[in-house]
Amino acid sequence: MGEWPTDVGIVALELFFPSQYVEQNELEAYDKVSAGKYTVGLGQARMGFCTDREDINSLCLTVVTRLMERYSISYSSIGRLEVGTETILDKSKSVKTVLMQLFENSGNTDIEGVDTINACYGGTAALFNSVSWVESSAWDGRFALVVAADIAVYAKGNARPTGGAGAIAMLVGANAPLVLERGVRATHMRHVYDFYKPDLMSEYPKVDGQLSIQCYLSALDKCYQLFCSKSERHGKEHFGLKDLDAVLFHVPYCKLVQKSLARLMLNDFVRASEEEQSLHYPGLEAFQDVKLEDTYFDRDIEKAFMTLSKSAFEEKTQPSLLVANQVGNMYTPSLYGGLVSLLISRGADELAGKRIALFSYGSGLASSMFSLHVSLDTNPGSPLKHLVANLTHIKSQLELRHKISPEEFDSFMEIREHNHHKAPYTPQASLDILFPGTWYLDNVDEMHRRSYKWVPHNGLSS
């Protein structure tokens, strides 16, 4: 361990989502809204959800177990474990401490880290902290493990179709196939009440929808401008969208991501000289003196730049939306579900050597833009090939899920709502619907202590 670690980043990835979903077009009919409101308007096809058999602890237990098994990682090789989540079951005891039961047989209790909380940003904060640990004097040569997980549920109404659930585990270490680039990370934080959860007895948030979109877009502007400025300081003249091979976003819903990619092009337009505007943005002279802060809900500008950025969106961003379209908003894992989607959509050979920008947003608000550099090594057995190969099950797992009717979905949501934080409590949902290899909530005793069991599997095929 005498050398400073190089190429620190993501070594391994594992994604987990619930085994049941509801069709968004069927929800449209059930909710008696116009056809296309959720599917076209939001850009969503299906929404995954949890019954009362799965909670934040069980999701995290499952995704960590799967990552360790799939990559044959020793539990003794983990030196830091941090969880990013906004799904709170306990105001004191961290999800990380629940995960420590997985390490008992290894005897490894020397593991730093606890939970990090701020809406959908907690997973990114945990990733940054873990990278910093590997790069610091505290590093002892072992891996860091980042877990991001959430269950996104809303009260009945327009917001409910923007829910979802899932978990991701990221192994962080040196000589990684996905390297976090140094010196260009950009962050923007403010105090805003756009989305928050002040009622600790309810899973449902308080949401100011229009303010939330404005905050998201304004944070994107600030982070992108700073990200470009820092990249230019590192030798990239006139840095912009053209210099990024892929751009990933936190995904509240897919349509907002398409608008966000268009917004980056608007930023490039505003930063360009008059000559560059005439050359690269023909027909947009009317927007020459526009101010970004006046454009959040300007339909003419939105339409013009969505049209102009269509090919860029299809090339740089659309491949990252597979999981979001099929599962919904997973909150803290959302951005990283996009990374998984990109990896399995494009593959190792196509992505080798590419630069990927990622925008992370959490209401309240906290946001960052950072970039990953993909390894050039695509030889058989290389870390990049190994990482991508270990994600190929995701597409088939999406198709192995159980379709639930809107009526049944509503019933499951009512059960969750009525029994949230209830003790003692025995979950009602059947175990038959769970994927093999899933941890589930078995019981909550009169002292609110939760116990979990595991659905065994024959081999790790899903």
# chains A, B, ... in the order shown; residues from 1 in each chain; ligands from 1
>>> residues_around(residues="stretch 19-36 of chain A", least_positions_apart="2", cutoff="7 Å", atoms="only C-alpha atoms", output="list in words")
Phe17, Tyr38, Thr39, Val40, Gly41, Gln44, Ala45, Arg46, Met47, Gly48, Phe49, Arg401, His402, Lys403, Ile404, Ser405, Pro406, Phe409, Ile433, Leu434 and Phe435 of chain A
>>> closest_residue(among="A:Ile73, A:Leu342, A:Val153, A:Leu211", to="A:Glu417", atoms="only C-alpha atoms")
A:Val153
>>> residues_around(residues="A:Phe412", least_positions_apart="2", cutoff="9 Å", atoms="only C-alpha atoms", output="list in words")
Cys50, Thr51, Asp52, Glu407, Glu408, Phe409, Asp410, Glu414, Ile415, Arg416, Glu417 and Ala429 of chain A
>>> residues_around(residues="A:Ala186", least_positions_apart="2", cutoff="9 Å", atoms="only C-alpha atoms", output="number ranges by chain")
A: 183-184, 188, 222-228, 230, 367-370
>>> select_by_dssp(residues="stretch 124-172 of chain A", states="strand (DSSP E or B)", output="list in words")
Phe143, Ala144, Leu145, Val146, Val147, Ala148, Ala149, Asp150, Ile151, Ala152, Gly164, Ala165, Gly166, Ala167, Ile168, Ala169, Met170, Leu171 and Val172 of chain A
>>> write_last_selection(atoms="N, CA and C atoms", output="mmCIF file, in the first residue's frame")
data_model
loop_
_atom_site.group_PDB
_atom_site.id
_atom_site.type_symbol
_atom_site.label_atom_id
_atom_site.label_comp_id
_atom_site.auth_asym_id
_atom_site.auth_seq_id
_atom_site.Cartn_x
_atom_site.Cartn_y
_atom_site.Cartn_z
ATOM 1 N N PHE A 143 -11.762 -1.954 -0.285
ATOM 2 C CA PHE A 143 -12.801 -1.297 -1.076
ATOM 3 C C PHE A 143 -13.736 -0.484 -0.180
ATOM 4 N N ALA A 144 -14.373 0.512 -0.802
ATOM 5 C CA ALA A 144 -15.524 1.170 -0.197
ATOM 6 C C ALA A 144 -16.766 0.651 -0.911
ATOM 7 N N LEU A 145 -17.863 0.557 -0.183
ATOM 8 C CA LEU A 145 -19.123 0.099 -0.743
ATOM 9 C C LEU A 145 -20.178 1.184 -0.540
ATOM 10 N N VAL A 146 -20.759 1.639 -1.642
ATOM 11 C CA VAL A 146 -21.797 2.669 -1.617
ATOM 12 C C VAL A 146 -23.131 2.012 -1.937
ATOM 13 N N VAL A 147 -24.134 2.263 -1.113
ATOM 14 C CA VAL A 147 -25.477 1.742 -1.354
ATOM 15 C C VAL A 147 -26.446 2.924 -1.425
ATOM 16 N N ALA A 148 -27.224 2.967 -2.496
ATOM 17 C CA ALA A 148 -28.262 3.994 -2.637
ATOM 18 C C ALA A 148 -29.583 3.280 -2.866
ATOM 19 N N ALA A 149 -30.583 3.596 -2.064
ATOM 20 C CA ALA A 149 -31.864 2.890 -2.169
ATOM 21 C C ALA A 149 -32.994 3.760 -1.666
ATOM 22 N N ASP A 150 -34.173 3.571 -2.259
ATOM 23 C CA ASP A 150 -35.357 4.297 -1.798
ATOM 24 C C ASP A 150 -36.625 3.618 -2.274
ATOM 25 N N ILE A 151 -37.709 3.924 -1.573
ATOM 26 C CA ILE A 151 -39.057 3.565 -1.993
ATOM 27 C C ILE A 151 -39.814 4.873 -2.159
ATOM 28 N N ALA A 152 -40.139 5.216 -3.400
ATOM 29 C CA ALA A 152 -40.798 6.491 -3.706
ATOM 30 C C ALA A 152 -42.291 6.256 -3.852
ATOM 31 N N GLY A 164 -41.732 4.937 -7.655
ATOM 32 C CA GLY A 164 -40.829 3.866 -8.072
ATOM 33 C C GLY A 164 -40.110 3.326 -6.855
ATOM 34 N N ALA A 165 -39.185 2.415 -7.070
ATOM 35 C CA ALA A 165 -38.403 1.856 -5.956
ATOM 36 C C ALA A 165 -37.218 1.091 -6.518
ATOM 37 N N GLY A 166 -36.131 1.068 -5.751
ATOM 38 C CA GLY A 166 -34.973 0.303 -6.190
ATOM 39 C C GLY A 166 -33.766 0.542 -5.312
ATOM 40 N N ALA A 167 -32.700 -0.171 -5.617
ATOM 41 C CA ALA A 167 -31.457 -0.047 -4.850
ATOM 42 C C ALA A 167 -30.280 -0.335 -5.765
ATOM 43 N N ILE A 168 -29.189 0.343 -5.513
ATOM 44 C CA ILE A 168 -27.957 0.080 -6.252
ATOM 45 C C ILE A 168 -26.800 -0.015 -5.268
ATOM 46 N N ALA A 169 -25.861 -0.896 -5.571
ATOM 47 C CA ALA A 169 -24.631 -1.013 -4.788
ATOM 48 C C ALA A 169 -23.464 -0.753 -5.725
ATOM 49 N N MET A 170 -22.535 0.080 -5.278
ATOM 50 C CA MET A 170 -21.361 0.441 -6.081
ATOM 51 C C MET A 170 -20.099 0.172 -5.282
ATOM 52 N N LEU A 171 -19.227 -0.644 -5.837
ATOM 53 C CA LEU A 171 -17.941 -0.920 -5.216
ATOM 54 C C LEU A 171 -16.945 0.118 -5.707
ATOM 55 N N VAL A 172 -16.283 0.798 -4.782
ATOM 56 C CA VAL A 172 -15.364 1.887 -5.124
ATOM 57 C C VAL A 172 -13.947 1.490 -4.756
#
>>> closest_residue(among="A:Glu314, A:Glu112, A:Glu69, A:Asp298", to="A:Val257", atoms="only C-alpha atoms")
A:Glu314
>>> atom_distance(atom1="atom CA of A:Phe103", atom2="atom CA of A:Leu61")
11.1 Å
>>> atom_distance(atom1="atom CA of A:Ser382", atom2="atom CA of A:Ala176")
10.4 Å
>>> residues_around(residues="stretch 270-280 of chain A", least_positions_apart="4", cutoff="9 Å", atoms="only C-alpha atoms", output="PDB file with all heavy atoms, in the first residue's frame")
ATOM      1  N   GLN A 225     -22.815  25.275 -15.868  1.00  0.00           N
ATOM      2  CA  GLN A 225     -21.946  26.430 -16.124  1.00  0.00           C
ATOM      3  C   GLN A 225     -20.616  26.286 -15.394  1.00  0.00           C
ATOM      4  O   GLN A 225     -19.543  26.536 -15.961  1.00  0.00           O
ATOM      5  CB  GLN A 225     -22.652  27.727 -15.706  1.00  0.00           C
ATOM      6  CG  GLN A 225     -23.836  28.101 -16.583  1.00  0.00           C
ATOM      7  CD  GLN A 225     -24.776  29.083 -15.919  1.00  0.00           C
ATOM      8  OE1 GLN A 225     -24.437  29.703 -14.905  1.00  0.00           O
ATOM      9  NE2 GLN A 225     -25.971  29.233 -16.462  1.00  0.00           N
ATOM     10  N   HIS A 238     -13.706  26.356 -24.993  1.00  0.00           N
ATOM     11  CA  HIS A 238     -15.103  26.399 -25.446  1.00  0.00           C
ATOM     12  C   HIS A 238     -15.822  25.084 -25.150  1.00  0.00           C
ATOM     13  O   HIS A 238     -16.496  24.510 -26.004  1.00  0.00           O
ATOM     14  CB  HIS A 238     -15.173  26.719 -26.947  1.00  0.00           C
ATOM     15  CG  HIS A 238     -14.413  27.939 -27.334  1.00  0.00           C
ATOM     16  ND1 HIS A 238     -14.782  29.201 -26.930  1.00  0.00           N
ATOM     17  CD2 HIS A 238     -13.293  28.082 -28.082  1.00  0.00           C
ATOM     18  CE1 HIS A 238     -13.924  30.088 -27.414  1.00  0.00           C
ATOM     19  NE2 HIS A 238     -13.006  29.437 -28.112  1.00  0.00           N
ATOM     20  N   MET A 265     -28.136  22.461 -24.112  1.00  0.00           N
ATOM     21  CA  MET A 265     -27.888  23.098 -25.404  1.00  0.00           C
ATOM     22  C   MET A 265     -28.251  24.575 -25.350  1.00  0.00           C
ATOM     23  O   MET A 265     -27.567  25.414 -25.957  1.00  0.00           O
ATOM     24  CB  MET A 265     -28.669  22.388 -26.506  1.00  0.00           C
ATOM     25  CG  MET A 265     -28.300  22.859 -27.906  1.00  0.00           C
ATOM     26  SD  MET A 265     -28.895  21.761 -29.217  1.00  0.00           S
ATOM     27  CE  MET A 265     -27.673  20.432 -29.115  1.00  0.00           C
ATOM     28  N   LEU A 266     -29.310  24.924 -24.614  1.00  0.00           N
ATOM     29  CA  LEU A 266     -29.663  26.330 -24.415  1.00  0.00           C
ATOM     30  C   LEU A 266     -28.540  27.056 -23.691  1.00  0.00           C
ATOM     31  O   LEU A 266     -28.189  28.196 -24.042  1.00  0.00           O
ATOM     32  CB  LEU A 266     -30.972  26.434 -23.614  1.00  0.00           C
ATOM     33  CG  LEU A 266     -31.374  27.840 -23.135  1.00  0.00           C
ATOM     34  CD1 LEU A 266     -31.598  28.787 -24.310  1.00  0.00           C
ATOM     35  CD2 LEU A 266     -32.630  27.761 -22.256  1.00  0.00           C
ATOM     36  N   LEU A 284     -32.437  30.725 -34.642  1.00  0.00           N
ATOM     37  CA  LEU A 284     -32.748  31.023 -33.240  1.00  0.00           C
ATOM     38  C   LEU A 284     -32.324  32.432 -32.830  1.00  0.00           C
ATOM     39  O   LEU A 284     -32.130  32.715 -31.651  1.00  0.00           O
ATOM     40  CB  LEU A 284     -32.069  29.987 -32.331  1.00  0.00           C
ATOM     41  CG  LEU A 284     -32.510  28.530 -32.534  1.00  0.00           C
ATOM     42  CD1 LEU A 284     -31.742  27.615 -31.600  1.00  0.00           C
ATOM     43  CD2 LEU A 284     -34.007  28.371 -32.325  1.00  0.00           C
ATOM     44  N   GLU A 285     -32.191  33.296 -33.832  1.00  0.00           N
ATOM     45  CA  GLU A 285     -31.740  34.664 -33.555  1.00  0.00           C
ATOM     46  C   GLU A 285     -32.656  35.387 -32.582  1.00  0.00           C
ATOM     47  O   GLU A 285     -32.217  36.248 -31.809  1.00  0.00           O
ATOM     48  CB  GLU A 285     -31.657  35.463 -34.867  1.00  0.00           C
ATOM     49  CG  GLU A 285     -30.572  35.003 -35.825  1.00  0.00           C
ATOM     50  CD  GLU A 285     -30.988  33.787 -36.651  1.00  0.00           C
ATOM     51  OE1 GLU A 285     -32.159  33.360 -36.546  1.00  0.00           O
ATOM     52  OE2 GLU A 285     -30.130  33.267 -37.396  1.00  0.00           O
ATOM     53  N   PHE A 287     -33.827  34.451 -29.903  1.00  0.00           N
ATOM     54  CA  PHE A 287     -33.516  34.140 -28.509  1.00  0.00           C
ATOM     55  C   PHE A 287     -32.124  34.636 -28.100  1.00  0.00           C
ATOM     56  O   PHE A 287     -31.620  34.271 -27.036  1.00  0.00           O
ATOM     57  CB  PHE A 287     -33.590  32.627 -28.289  1.00  0.00           C
ATOM     58  CG  PHE A 287     -34.905  32.019 -28.683  1.00  0.00           C
ATOM     59  CD1 PHE A 287     -34.957  30.913 -29.521  1.00  0.00           C
ATOM     60  CD2 PHE A 287     -36.107  32.552 -28.226  1.00  0.00           C
ATOM     61  CE1 PHE A 287     -36.160  30.348 -29.895  1.00  0.00           C
ATOM     62  CE2 PHE A 287     -37.321  31.989 -28.583  1.00  0.00           C
ATOM     63  CZ  PHE A 287     -37.353  30.881 -29.427  1.00  0.00           C
ATOM     64  N   GLN A 288     -31.540  35.485 -28.912  1.00  0.00           N
ATOM     65  CA  GLN A 288     -30.142  35.888 -28.730  1.00  0.00           C
ATOM     66  C   GLN A 288     -29.856  36.511 -27.365  1.00  0.00           C
ATOM     67  O   GLN A 288     -28.822  36.245 -26.761  1.00  0.00           O
ATOM     68  CB  GLN A 288     -29.764  36.867 -29.848  1.00  0.00           C
ATOM     69  CG  GLN A 288     -28.273  37.078 -30.022  1.00  0.00           C
ATOM     70  CD  GLN A 288     -27.978  37.888 -31.274  1.00  0.00           C
ATOM     71  OE1 GLN A 288     -28.281  39.083 -31.336  1.00  0.00           O
ATOM     72  NE2 GLN A 288     -27.403  37.258 -32.288  1.00  0.00           N
ATOM     73  N   ASP A 289     -30.759  37.304 -26.868  1.00  0.00           N
ATOM     74  CA  ASP A 289     -30.519  38.027 -25.609  1.00  0.00           C
ATOM     75  C   ASP A 289     -31.287  37.430 -24.427  1.00  0.00           C
ATOM     76  O   ASP A 289     -31.510  38.101 -23.417  1.00  0.00           O
ATOM     77  CB  ASP A 289     -30.902  39.506 -25.780  1.00  0.00           C
ATOM     78  CG  ASP A 289     -30.076  40.197 -26.847  1.00  0.00           C
ATOM     79  OD1 ASP A 289     -28.859  39.931 -26.904  1.00  0.00           O
ATOM     80  OD2 ASP A 289     -30.647  40.978 -27.627  1.00  0.00           O
ATOM     81  N   VAL A 290     -31.692  36.176 -24.549  1.00  0.00           N
ATOM     82  CA  VAL A 290     -32.496  35.561 -23.506  1.00  0.00           C
ATOM     83  C   VAL A 290     -31.695  35.382 -22.220  1.00  0.00           C
ATOM     84  O   VAL A 290     -30.474  35.172 -22.244  1.00  0.00           O
ATOM     85  CB  VAL A 290     -33.039  34.200 -24.002  1.00  0.00           C
ATOM     86  CG1 VAL A 290     -31.921  33.147 -24.051  1.00  0.00           C
ATOM     87  CG2 VAL A 290     -34.165  33.707 -23.118  1.00  0.00           C
ATOM     88  N   LYS A 291     -32.388  35.482 -21.085  1.00  0.00           N
ATOM     89  CA  LYS A 291     -31.785  35.222 -19.776  1.00  0.00           C
ATOM     90  C   LYS A 291     -32.310  33.876 -19.268  1.00  0.00           C
ATOM     91  O   LYS A 291     -33.519  33.642 -19.268  1.00  0.00           O
ATOM     92  CB  LYS A 291     -32.138  36.342 -18.800  1.00  0.00           C
ATOM     93  CG  LYS A 291     -31.546  37.692 -19.172  1.00  0.00           C
ATOM     94  CD  LYS A 291     -31.915  38.747 -18.150  1.00  0.00           C
ATOM     95  CE  LYS A 291     -31.313  40.115 -18.515  1.00  0.00           C
ATOM     96  NZ  LYS A 291     -31.695  41.166 -17.536  1.00  0.00           N
ATOM     97  N   LEU A 292     -31.397  33.029 -18.831  1.00  0.00           N
ATOM     98  CA  LEU A 292     -31.778  31.683 -18.428  1.00  0.00           C
ATOM     99  C   LEU A 292     -32.861  31.665 -17.353  1.00  0.00           C
ATOM    100  O   LEU A 292     -33.774  30.832 -17.386  1.00  0.00           O
ATOM    101  CB  LEU A 292     -30.543  30.912 -17.931  1.00  0.00           C
ATOM    102  CG  LEU A 292     -29.531  30.500 -19.000  1.00  0.00           C
ATOM    103  CD1 LEU A 292     -28.272  29.938 -18.346  1.00  0.00           C
ATOM    104  CD2 LEU A 292     -30.129  29.479 -19.954  1.00  0.00           C
TER     105      LEU A 292
END
>>> select_by_dssp(residues="stretch 201-412 of chain A", states="alpha helix (DSSP H)", output="MDAnalysis selection string")
chainID A and resid 209:233 254:271 274:280 299:308 310:316 322:327 334:346 348:351 383:389 393:399 406:412
>>> closest_residue(among="A:Met330, A:Lys37, A:Asp115, A:Leu391", to="A:Pro18", atoms="only C-alpha atoms")
A:Met330
>>> residues_around(residues="A:Tyr440", least_positions_apart="3", cutoff="9 Å", atoms="only C-alpha atoms", output="PyMOL selection string")
chain A and resi 53-55+57-59+61-62+431+434+451-455
